[in-house]
Every structure is written in structure tokens, then in C-alpha cells.
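Undergrad: Next up, entry.cif (mmCIF, C-alpha atoms).
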data_run
#
loop_
_atom_site.label_atom_id
_atom_site.label_comp_id
_atom_site.auth_asym_id
_atom_site.auth_seq_id
_atom_site.Cartn_x
_atom_site.Cartn_y
_atom_site.Cartn_z
CA MET G 1340 106.94 76.64 92.95
CA THR G 1341 107.89 80.32 92.90
CA MET G 1342 107.24 82.70 95.77
CA THR G 1343 104.86 84.72 93.58
CA LEU G 1344 102.74 81.66 92.85
CA ILE G 1345 102.67 80.68 96.52
CA LEU G 1346 101.53 84.18 97.45
CA LEU G 1347 98.90 84.17 94.69
CA ILE G 1348 97.50 80.86 95.95
CA SER G 1349 97.47 82.27 99.50
CA VAL G 1350 95.56 85.35 98.31
CA ILE G 1351 92.99 83.24 96.48
CA VAL G 1352 92.51 80.97 99.51
CA VAL G 1353 91.99 83.95 101.84
CA ALA G 1354 89.71 85.62 99.26
CA LEU G 1355 87.52 82.53 99.12
CA ALA G 1356 87.54 82.36 102.92
CA PHE G 1357 86.29 85.96 102.90
CA GLU G 1358 83.59 85.01 100.39
CA TYR G 1359 82.54 82.04 102.51
CA ILE G 1360 82.39 84.15 105.67
CA ASN G 1361 80.50 86.83 103.74
CA GLY G 1362 77.96 84.15 102.85
CA PHE G 1363 77.19 83.12 106.42
CA HIS G 1364 77.75 86.63 107.82
CA ASP G 1365 75.42 88.37 105.36
CA CYS G 1366 72.98 85.56 104.66
CA ALA G 1367 70.91 87.10 107.47
CA ASN G 1368 70.21 90.00 105.10
CA ALA G 1369 68.36 87.63 102.81
CA ILE G 1370 66.60 85.35 105.29
CA ALA G 1371 66.22 87.20 108.62
CA THR G 1372 62.70 88.43 107.97
CA VAL G 1373 61.41 85.21 106.42
CA VAL G 1374 62.70 83.28 109.46
CA SER G 1375 61.51 85.77 112.07
CA THR G 1376 57.99 85.79 110.58
CA LYS G 1377 58.06 81.95 110.59
CA VAL G 1378 57.39 81.65 106.86
CA LEU G 1379 60.32 79.20 106.58
CA SER G 1380 62.41 77.35 109.12
CA PRO G 1381 66.05 78.48 109.37
CA ARG G 1382 67.23 75.35 107.53
CA GLN G 1383 64.72 75.80 104.70
CA ALA G 1384 65.55 79.48 104.42
CA VAL G 1385 69.32 79.04 104.15
CA MET G 1386 68.94 76.38 101.44
CA TYR G 1387 66.55 78.60 99.50
CA GLY G 1388 68.81 81.61 99.98
CA ALA G 1389 71.93 79.71 98.91
CA CYS G 1390 70.42 78.73 95.56
CA LEU G 1391 69.43 82.30 94.76
CA GLU G 1392 72.72 83.75 96.05
CA PHE G 1393 74.50 81.52 93.54
CA THR G 1394 72.21 82.65 90.72
CA GLY G 1395 72.62 86.32 91.64
CA ALA G 1396 76.41 86.02 91.55
CA LEU G 1397 76.23 85.04 87.88
CA THR G 1398 74.19 88.07 86.78
CA GLY G 1399 76.97 90.58 86.05
CA THR G 1400 80.46 91.92 86.79
CA HIS G 1401 79.98 95.70 87.15
CA VAL G 1402 80.74 95.70 90.88
CA ALA G 1403 83.71 93.34 90.41
CA LYS G 1404 85.30 95.79 87.97
CA THR G 1405 84.81 98.68 90.41
CA ILE G 1406 86.64 96.72 93.12
CA GLY G 1407 89.26 95.43 90.67
CA SER G 1408 90.43 98.78 89.36
CA GLY G 1409 88.05 101.59 90.28
CA ILE G 1410 89.05 102.32 93.88
CA VAL G 1411 92.82 101.86 93.74
CA ASN G 1412 95.31 101.93 90.87
CA SER G 1413 95.76 98.24 90.01
CA ASP G 1414 99.20 98.96 88.50
CA MET G 1415 100.49 100.01 91.92
CA ILE G 1416 99.01 97.12 93.93
CA THR G 1417 100.94 93.99 94.91
CA LEU G 1418 99.80 90.57 96.09
CA THR G 1419 100.94 91.47 99.60
CA VAL G 1420 98.59 94.48 99.64
CA ILE G 1421 95.66 92.32 98.55
CA PHE G 1422 96.52 89.63 101.11
CA CYS G 1423 96.59 92.19 103.94
CA ALA G 1424 93.29 93.73 102.79
CA LEU G 1425 91.58 90.35 102.76
CA LEU G 1426 92.99 89.27 106.11
CA ALA G 1427 91.81 92.51 107.75
CA ALA G 1428 88.32 92.09 106.26
CA VAL G 1429 88.09 88.46 107.42
CA LEU G 1430 89.18 89.34 110.97
CA TRP G 1431 86.67 92.21 111.16
CA ASN G 1432 83.83 90.04 109.84
CA LEU G 1433 84.59 87.34 112.39
CA PHE G 1434 84.79 89.93 115.18
CA THR G 1435 81.37 91.45 114.34
CA TRP G 1436 79.89 87.98 113.77
CA VAL G 1437 80.89 86.94 117.31
CA LEU G 1438 79.16 90.08 118.59
CA GLY G 1439 76.11 89.40 116.41
CA LEU G 1440 76.36 92.79 114.70
CA PRO G 1441 75.35 93.06 111.01
CA SER G 1442 78.34 95.13 109.84
CA SER G 1443 79.25 95.63 106.19
CA SER G 1444 81.52 93.04 104.56
CA SER G 1445 81.80 95.42 101.60
CA HIS G 1446 83.17 98.26 103.66
CA ALA G 1447 85.47 95.88 105.53
CA LEU G 1448 87.04 94.81 102.24
CA ILE G 1449 87.26 98.37 100.90
CA GLY G 1450 88.76 99.64 104.17
CA GLY G 1451 91.32 96.82 104.13
CA LEU G 1452 92.27 97.58 100.53
CA LEU G 1453 92.67 101.30 101.24
CA GLY G 1454 94.79 100.80 104.37
CA ALA G 1455 97.30 98.39 102.82
CA ALA G 1456 97.42 100.34 99.51
CA LEU G 1457 98.25 103.56 101.34
CA MET G 1458 101.11 101.86 103.17
CA LYS G 1459 102.49 100.43 99.93
CA ALA G 1460 102.08 103.24 97.38
CA GLY G 1461 100.90 106.31 99.24
CA ILE G 1462 97.90 108.50 98.61
CA SER G 1463 98.53 108.72 94.85
CA CYS G 1464 97.24 105.16 94.31
CA ILE G 1465 93.70 106.03 95.47
CA HIS G 1466 91.08 106.97 92.86
CA PHE G 1467 89.30 109.54 95.01
CA GLY G 1468 86.62 110.30 92.41
CA THR G 1469 85.43 106.70 92.28
CA LEU G 1470 85.88 106.29 96.03
CA LEU G 1471 83.66 109.31 96.65
CA ASP G 1472 80.99 108.47 94.06
CA LYS G 1473 80.72 104.72 94.59
CA VAL G 1474 81.70 104.23 98.24
CA ILE G 1475 81.55 107.33 100.46
CA ILE G 1476 78.37 108.95 99.11
CA PRO G 1477 76.45 105.63 98.96
CA MET G 1478 77.71 104.82 102.46
CA PHE G 1479 75.67 107.75 103.81
CA THR G 1480 72.81 107.90 101.31
CA ALA G 1481 72.06 104.16 101.15
CA PRO G 1482 70.84 103.89 104.78
CA ILE G 1483 68.68 106.99 104.31
CA LEU G 1484 67.23 105.60 101.09
CA GLY G 1485 66.66 102.22 102.74
CA PHE G 1486 64.74 103.84 105.59
CA CYS G 1487 62.70 106.17 103.35
CA VAL G 1488 61.82 103.53 100.75
CA GLY G 1489 60.86 101.00 103.44
CA PHE G 1490 58.75 103.62 105.22
CA THR G 1491 57.03 104.70 101.98
CA VAL G 1492 56.33 101.18 100.72
CA MET G 1493 54.82 100.23 104.08
CA LEU G 1494 52.64 103.36 104.14
CA ILE G 1495 51.32 102.52 100.67
CA MET G 1496 50.55 98.97 101.73
CA ILE G 1497 48.78 100.19 104.87
CA ARG G 1498 46.67 102.50 102.71
CA VAL G 1499 45.79 99.73 100.25
CA LEU G 1500 45.11 97.06 102.90
CA TRP G 1501 43.62 99.12 105.72
CA LYS G 1502 40.16 97.50 105.41
CA ALA G 1503 41.47 93.96 105.01
CA ASN G 1504 41.28 91.34 107.74
CA PRO G 1505 44.69 91.23 109.54
CA GLN G 1506 44.69 87.44 109.74
CA SER G 1507 43.95 87.14 106.01
CA VAL G 1508 46.64 89.71 105.17
CA ASN G 1509 49.33 87.87 107.16
CA LYS G 1510 48.36 84.54 105.60
CA ARG G 1511 48.64 86.01 102.10
CA PHE G 1512 51.95 87.73 102.78
CA ARG G 1513 53.49 84.58 104.22
CA LYS G 1514 53.40 83.21 100.67
CA LEU G 1515 54.48 86.49 99.08
CA GLN G 1516 57.51 86.57 101.38
CA LEU G 1517 58.91 83.58 99.53
CA LEU G 1518 59.17 85.86 96.49
CA SER G 1519 60.52 88.90 98.34
CA SER G 1520 63.13 86.97 100.36
CA GLY G 1521 64.24 85.29 97.14
CA MET G 1522 64.72 88.72 95.57
CA ILE G 1523 66.89 89.77 98.51
CA ALA G 1524 69.08 86.67 98.15
CA LEU G 1525 69.37 87.23 94.40
CA SER G 1526 70.29 90.90 94.85
CA HIS G 1527 72.82 90.09 97.58
CA GLY G 1528 74.55 87.60 95.32
CA SER G 1529 74.58 90.12 92.47
CA ASN G 1530 76.44 92.66 94.61
CA ASP G 1531 78.45 90.99 97.38
CA ALA G 1532 79.76 87.97 95.49
CA GLN G 1533 81.25 90.27 92.87
CA LYS G 1534 83.54 91.97 95.37
CA THR G 1535 85.64 88.85 95.82
CA MET G 1536 85.62 88.32 92.06
CA GLY G 1537 87.15 91.79 91.74
CA ILE G 1538 89.78 91.09 94.40
CA ILE G 1539 90.89 87.79 92.81
CA THR G 1540 91.03 89.47 89.40
CA LEU G 1541 93.11 92.28 90.91
CA ALA G 1542 95.50 89.62 92.25
CA LEU G 1543 95.77 88.00 88.81
CA LEU G 1544 96.52 91.40 87.29
CA ALA G 1545 99.13 92.16 89.96
CA CYS G 1546 101.14 89.01 89.26
CA GLY G 1547 100.81 89.12 85.47
CA TYR G 1548 98.50 86.13 84.96
CA LEU G 1549 95.86 88.48 83.52
CA HIS G 1550 96.38 91.56 81.37
CA LYS G 1551 94.38 94.67 80.60
CA SER G 1552 93.36 95.60 77.08
CA PRO G 1553 95.02 98.64 75.41
CA ALA G 1554 92.01 100.68 76.56
CA GLY G 1555 92.71 99.69 80.17
CA ASP G 1556 89.73 97.34 80.48
CA PHE G 1557 89.72 93.73 81.66
CA ASP G 1558 87.27 90.83 81.87
CA ILE G 1559 86.53 88.76 84.95
CA PRO G 1560 87.55 85.14 84.17
CA VAL G 1561 84.58 82.76 84.01
CA ILE G 1562 86.22 80.32 86.42
CA VAL G 1563 86.57 83.13 88.99
CA ILE G 1564 82.87 83.99 88.66
CA ILE G 1565 81.76 80.37 89.13
CA VAL G 1566 84.08 79.59 92.06
CA CYS G 1567 83.08 82.77 93.92
CA ALA G 1568 79.39 82.07 93.34
CA MET G 1569 79.73 78.53 94.67
CA THR G 1570 81.73 79.67 97.70
CA MET G 1571 79.21 82.30 98.72
CA ALA G 1572 76.36 79.82 98.31
CA ALA G 1573 78.23 77.33 100.52
CA GLY G 1574 78.70 80.01 103.19
CA THR G 1575 75.03 80.93 103.06
CA MET G 1576 74.05 77.28 103.61
CA ASN G 1577 75.89 77.38 106.94
CA GLY G 1578 73.77 80.29 108.08
CA GLY G 1579 74.47 83.12 110.47
CA TYR G 1580 71.92 82.62 113.19
CA LYS G 1581 73.29 85.20 115.63
CA ILE G 1582 72.84 87.94 113.05
CA ILE G 1583 69.47 86.55 111.96
CA LYS G 1584 68.34 87.01 115.56
CA THR G 1585 69.55 90.62 115.61
CA MET G 1586 68.06 91.52 112.23
CA GLY G 1587 64.79 89.69 112.66
CA HIS G 1588 63.97 90.21 116.34
CA LYS G 1589 66.13 92.79 118.10
CA ILE G 1590 65.42 95.70 115.73
CA ILE G 1591 61.67 95.16 115.51
CA LYS G 1592 59.22 92.27 115.83
CA LEU G 1593 58.13 91.59 112.26
CA LYS G 1594 54.92 90.24 110.76
CA PRO G 1595 54.82 88.84 107.20
CA VAL G 1596 53.46 92.06 105.70
CA HIS G 1597 56.32 94.05 107.28
CA GLY G 1598 58.91 91.53 106.11
CA PHE G 1599 57.57 91.69 102.55
CA ALA G 1600 57.72 95.49 102.50
CA ALA G 1601 61.29 95.56 103.86
CA GLU G 1602 62.52 92.91 101.43
CA ILE G 1603 60.94 94.41 98.31
CA SER G 1604 62.35 97.84 99.22
CA SER G 1605 65.84 96.47 99.88
CA ALA G 1606 66.03 94.24 96.81
CA SER G 1607 65.02 97.06 94.47
CA LEU G 1608 67.77 99.35 95.77
CA ILE G 1609 70.48 96.65 95.79
CA LEU G 1610 69.74 95.45 92.26
CA THR G 1611 69.88 99.05 91.02
CA ALA G 1612 73.26 99.55 92.73
CA SER G 1613 74.62 96.31 91.21
CA HIS G 1614 73.62 97.45 87.74
CA CYS G 1615 75.46 100.75 88.30
CA GLY G 1616 78.62 99.02 89.59
CA ILE G 1617 78.24 100.38 93.12
CA PRO G 1618 79.63 98.03 95.83
CA LEU G 1619 76.76 98.76 98.17
CA SER G 1620 76.42 97.53 101.73
CA THR G 1621 73.45 95.18 101.62
CA THR G 1622 73.53 95.20 105.43
CA HIS G 1623 72.89 98.95 105.52
CA ILE G 1624 70.00 98.71 103.09
CA VAL G 1625 68.20 95.77 104.72
CA SER G 1626 68.66 97.05 108.28
CA THR G 1627 67.37 100.55 107.55
CA ALA G 1628 64.49 99.24 105.43
CA ILE G 1629 63.41 97.19 108.46
CA MET G 1630 63.67 100.34 110.60
CA GLY G 1631 61.63 102.33 108.08
CA VAL G 1632 58.92 99.70 107.97
CA GLY G 1633 58.84 99.52 111.77
CA SER G 1634 58.54 103.29 112.10
CA THR G 1635 55.16 103.24 110.34
CA LEU G 1636 53.74 101.55 113.42
CA HIS G 1637 55.15 103.99 115.98
CA ALA G 1638 58.61 105.24 116.88
CA HIS G 1639 58.87 102.94 119.88
CA ALA G 1640 58.36 99.86 117.69
CA VAL G 1641 62.02 100.14 116.67
CA LYS G 1642 64.54 99.24 119.36
CA TRP G 1643 66.75 102.29 118.89
CA ARG G 1644 69.41 101.22 121.37
CA MET G 1645 70.18 98.16 119.25
CA VAL G 1646 70.08 100.37 116.16
CA GLY G 1647 72.71 102.61 117.80
CA ASN G 1648 75.03 99.61 118.27
CA ILE G 1649 74.60 98.63 114.62
CA VAL G 1650 75.26 102.16 113.35
CA THR G 1651 78.42 102.33 115.48
CA ALA G 1652 79.68 99.16 113.78
CA TRP G 1653 78.91 100.70 110.36
CA VAL G 1654 80.81 103.91 111.09
CA LEU G 1655 83.84 102.10 112.49
CA THR G 1656 84.16 99.45 109.76
CA ILE G 1657 86.17 101.32 107.10
CA PRO G 1658 88.60 103.14 109.46
CA ALA G 1659 89.03 100.05 111.66
CA CYS G 1660 89.84 97.85 108.66
CA MET G 1661 92.19 100.50 107.23
CA ILE G 1662 94.15 100.54 110.49
CA LEU G 1663 94.08 96.75 110.77
CA SER G 1664 95.29 96.13 107.20
CA ALA G 1665 97.95 98.85 107.46
CA THR G 1666 99.24 97.22 110.66
CA ILE G 1667 99.28 93.76 109.06
CA TYR G 1668 101.12 95.16 106.02
CA THR G 1669 103.72 96.85 108.22
CA VAL G 1670 104.34 93.65 110.20
CA ILE G 1671 104.64 91.53 107.04
CA TYR G 1672 106.89 94.10 105.32
CA HIS G 1673 109.33 94.21 108.23
CA PHE G 1674 109.22 90.44 108.66
CA VAL G 1675 110.01 89.80 104.99
CA LYS G 1676 112.62 92.54 104.97
#
Show this structure as C-alpha cells.
TA:
Amino acid sequence: MTMTLILLISVIVVALAFEYINGFHDCANAIATVVSTKVLSPRQAVMYGACLEFTGALTGTHVAKTIGSGIVNSDMITLTVIFCALLAAVLWNLFTWVLGLPSSSSHALIGGLLGAALMKAGISCIHFGTLLDKVIIPMFTAPILGFCVGFTVMLIMIRVLWKANPQSVNKRFRKLQLLSSGMIALSHGSNDAQKTMGIITLALLACGYLHKSPAGDFDIPVIVIIVCAMTMAAGTMNGGYKIIKTMGHKIIKLKPVHGFAAEISSASLILTASHCGIPLSTTHIVSTAIMGVGSTLHAHAVKWRMVGNIVTAWVLTIPACMILSATIYTVIYHFVK
């Protein structure tokens, strides 16, 4: 077995580990509200979410192609770069999971890829136009959109339901939350699962097992799509109960009507981003939609101190993972040398 093949297998194993961790780390995005409003038990919710995460992962490859060649020049990337990027993202996800903070797995992966790529090939390997349009701008606009859409949807629902009996409304929305939480799981799978598909495809391109067309395009292998979808679903089934507690209880105490509004708002934005090939942070969208919904009650309904901790994790994710992956790359480079 050649060294290249050994390294490729190592990259794929770490990539699938990242996908698995992403599943239990980010499954809270899909099921936090439906658990916190007691529509489903945690066990029922993770099983339900896992099935729809798997389905969502099969719905397209636009995001995978952005990760595979849109952010960095795939011709200048080696298996070692990809390995370091993945390892940094996995370590960051585990670190924030231990703390119970819903940080972005997407930005962890992108930050890891940027840090190691810069150490290997320098600044010329970065596609700054794509990075700006599909990562940096959405990084700042997505939370604002999540908040505003959640706030607006909840205001509309308050206006429509203001004469209804509160007990009757909550009973009705308990059932409707099955639909809205399912949409969140589906949208999460359509966006997050594709990032690992893109990374594995980038690894196959780097070692010559996959080739671009003369126009510079490439297809995501079907086996890669299926394996990544299954891995994320398996991770989701193991849950992420620390983060569920943060998302569902520590930001705001949710009722079924609030959970429905937050989920419908989030799913709509995430599905739109997936269609456009934008590797969006589902964590940002869901968290800020919950904040927006909570703000319709009164400003004090949102626990802003916890929100501050979450935002800090968001801001630090990309630079922290860049530094971490660059450090890992430097250590490996000197060790191999």
C-alpha cells in the first residue's frame, strides 16, 4: 500500500469522523425546539431527525462543489492540507461540544481549510471572490436575516392568532412542529452533509483518483454522497443533548407556537442557501431565529448573556481553526521532513 493511499484513507476516515461529529453536534439545530416544547422525547426526536437528515443530504451537491473547489484552488491542495483542515475542525467541534456551545461546524471546516492551505501554497491559492460572497458576507448577514425573519414570522402569527385560545393554539402547534422540525432536519442535511462530500471529493482530486472535465467541473461520486448521508444520520441518532439544552432552554423558554415560527423561518433560509451553493452556518440561522421569535415577547425574554457566549464562539471559530490547522500542518511538515 502506497503512502498516498494510506494518507487518502486517513483523510476519508477523519472526514467521516467530522461528519459524524457534525451530526451529533448540530442535530440540536433540528430538534432543540421540538424537544424543549415537549412535542417529542429526545429519543423520538433524534430518530426522526436522523431520517430526514439522510434524505436532505441526497437533495443536491451545490454546497459540496463550493467546498471542493470554490474556496481554495484544488490544484494547489494536497492530502496533508485536507487532513490538517479536518483535524482542526474536529478538535474545535469537540471543544465547543464539551462547553455546550452551538458553534458552526461549517466555519470550523472552512477555517481549517484556509489555515492549512495558506501554509502550503500561500495567499494565491485562496479564491477571495468566492470566500467573500459565499462565506464572509453570509457569516454576517445570515444571523441578521435569521433574527429578522424569525421576528417577522412570529409577529404575523401573533396578529393572526391574537384572539385564539392560548391552550388551543399550543395544542395545534404541537402537531405542526412535527412538520417544521422535519423541515429543519431536511435543510440541515441538504447543507451540512454536503461539506464533507466536498472535502472527500477534494481529496480524490488531490491524489488523482478523480479528474476534472476540460471545463474545470467535476461531479461528486454517488458513493461519497451516500456514505456521507449515512454518517451524518448516524451522528444525529446519537444526539447532542448539551447543545439541545442550550438551544432549547438557555436562550429562551419556548412554547410550541414559538418553536414552529423559529423552525419555519430557519428552514426557509437554509434551503435557499443550499440551492445557491452557500455553505451556510445552520447554527447561526437557528439560534438567531429563536432570538428573533423570543424578542416579540419582550427584550428580557432572551437570555442575552448566553447569547453573548454563543456569538463569541461564532466570531472565534474561523480564526481559531485557521491557527489550529496551520499549527498542525507545520508540526506534520517538520515531522515528515
Undergrad: Report as a list of chain:residue names all protein, DNA and RNA residues lying within 10 Å of Ala1612 in chain G, evaluated on all atoms listed in the file, omitting residues in the same chain fewer than 6 positions from it.
TA: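 Using all atoms listed in the file, the neighbours found are G:His1401, G:Val1402, G:Lys1473, G:Pro1477, G:Ala1481, G:Ser1526, G:Ser1529, G:Asn1530, G:Ala1606, G:Pro1618, G:Leu1619, G:Ser1620, G:Thr1621.
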Undergrad: Could you pull the residues within 7 Å of range 1409-1416 of chain G, counting all atoms listed in the file, minus those fewer than 3 positions along the same chain, as a VMD selection string?
TA: chain G and resid 1404 to 1406 1420 1456 1460 1464 to 1466 1469 to 1470 1541 1545
Undergrad: Can you pull out every residue within 10 Å of range 1658-1664 of chain G, counting all atoms listed in the file, but drop anything in the same chain fewer than 4 positions away, and send it as a PyMOL selection string?
TA: chain G and resi 1420-1432+1446-1458+1652+1654+1668-1670
Undergrad: Using only C-alpha atoms, find the one residue out of G:Lys1594, G:Arg1513, G:Lys1459, G:His1614 that sits nearest to Thr1400 in chain G.
TA: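 Closest to Thr1400 in chain G of all the choices is G:His1614.
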Undergrad: When distances are computed from only C-alpha atoms, which of G:Val1650, G:Ala1396, G:Ala1389, G:Ala1542 shows the smallest separation from Ile1565 in chain G?
TA: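 The shortest atom-to-atom distance to Ile1565 in chain G comes from G:Ala1396.
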Undergrad: From the options G:Leu1397, G:Gly1616, G:Leu1438, G:Cys1390, which residue's atoms come nearest to Ile1562 in chain G, counting all atoms listed in the file?
TA: G:Leu1397
Undergrad: Restricting the calculation to all atoms listed in the file, which member of G:Val1374, G:Leu1655, G:Ala1403, G:Ile1538 is positioned closest to Asp1558 in chain G?
TA: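 The answer is G:Ala1403, which sits nearest to Asp1558 in chain G.
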Undergrad: Suppose a student applies the PyMOL selection byres ((chain G and resi 1359) around 8) to this structure; what residues should they get, written as a list in words?
TA: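 Checking the PyMOL selection byres ((chain G and resi 1359) around 8) against this file, the residues are Leu1355, Ala1356, Phe1357, Glu1358, Ile1360, Asn1361, Gly1362, Phe1363, Thr1570, Met1571, Ala1572, Ala1573, Gly1574 and Thr1575 of chain G.
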Undergrad: Taking into account only C-alpha atoms, which residue in the set G:Cys1615, G:Val1474, G:Val1632, G:Leu1517 is nearest to Val1378 in chain G?
TA: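 Looking only at the distances to Val1378 in chain G, the closest residue turns out to be G:Leu1517.
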Undergrad: Write out as a list in words the residues lying within 10 Å of Thr1491 in chain G, counting all atoms listed in the file and excluding same-chain residues fewer than 3 positions away.
TA: Gly1485, Phe1486, Cys1487, Val1488, Leu1494, Ile1495, Met1496, Ile1497, Ala1600, Ser1604, Ala1628, Gly1631, Val1632 and Thr1635 of chain G
Undergrad: Take CA of Arg1511 in chain G and CA of Ser1634 in chain G and report the distance between them in Å, one decimal.
TA: 22.3 Å
Undergrad: If I take CA of Thr1343 in chain G and CA of Met1536 in chain G, how far is one from the other in Å, to one decimal?
TA: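 Between CA of Thr1343 in chain G and CA of Met1536 in chain G the gap is 19.6 Å.
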Undergrad: Under the rule that all atoms listed in the file are counted, which of G:Ile1483, G:Ile1624, G:Ala1354, G:Val1385 is the nearest residue to Ile1609 in chain G?
TA: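 Among the listed residues, G:Ile1624 lies closest to Ile1609 in chain G.
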Undergrad: Can you turn the PyMOL selection byres ((chain G and resi 1528) around 8) into a concrete residue list for this file, as a PyMOL selection string?
TA: chain G and resi 1391-1396+1524-1527+1529-1533+1568+1571
Undergrad: What's the separation between CA of Ser1507 in chain G and CA of Gly1598 in chain G, in Å to one decimal place?
TA: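 CA of Gly1598 in chain G lies at a distance of 15.6 Å from CA of Ser1507 in chain G.
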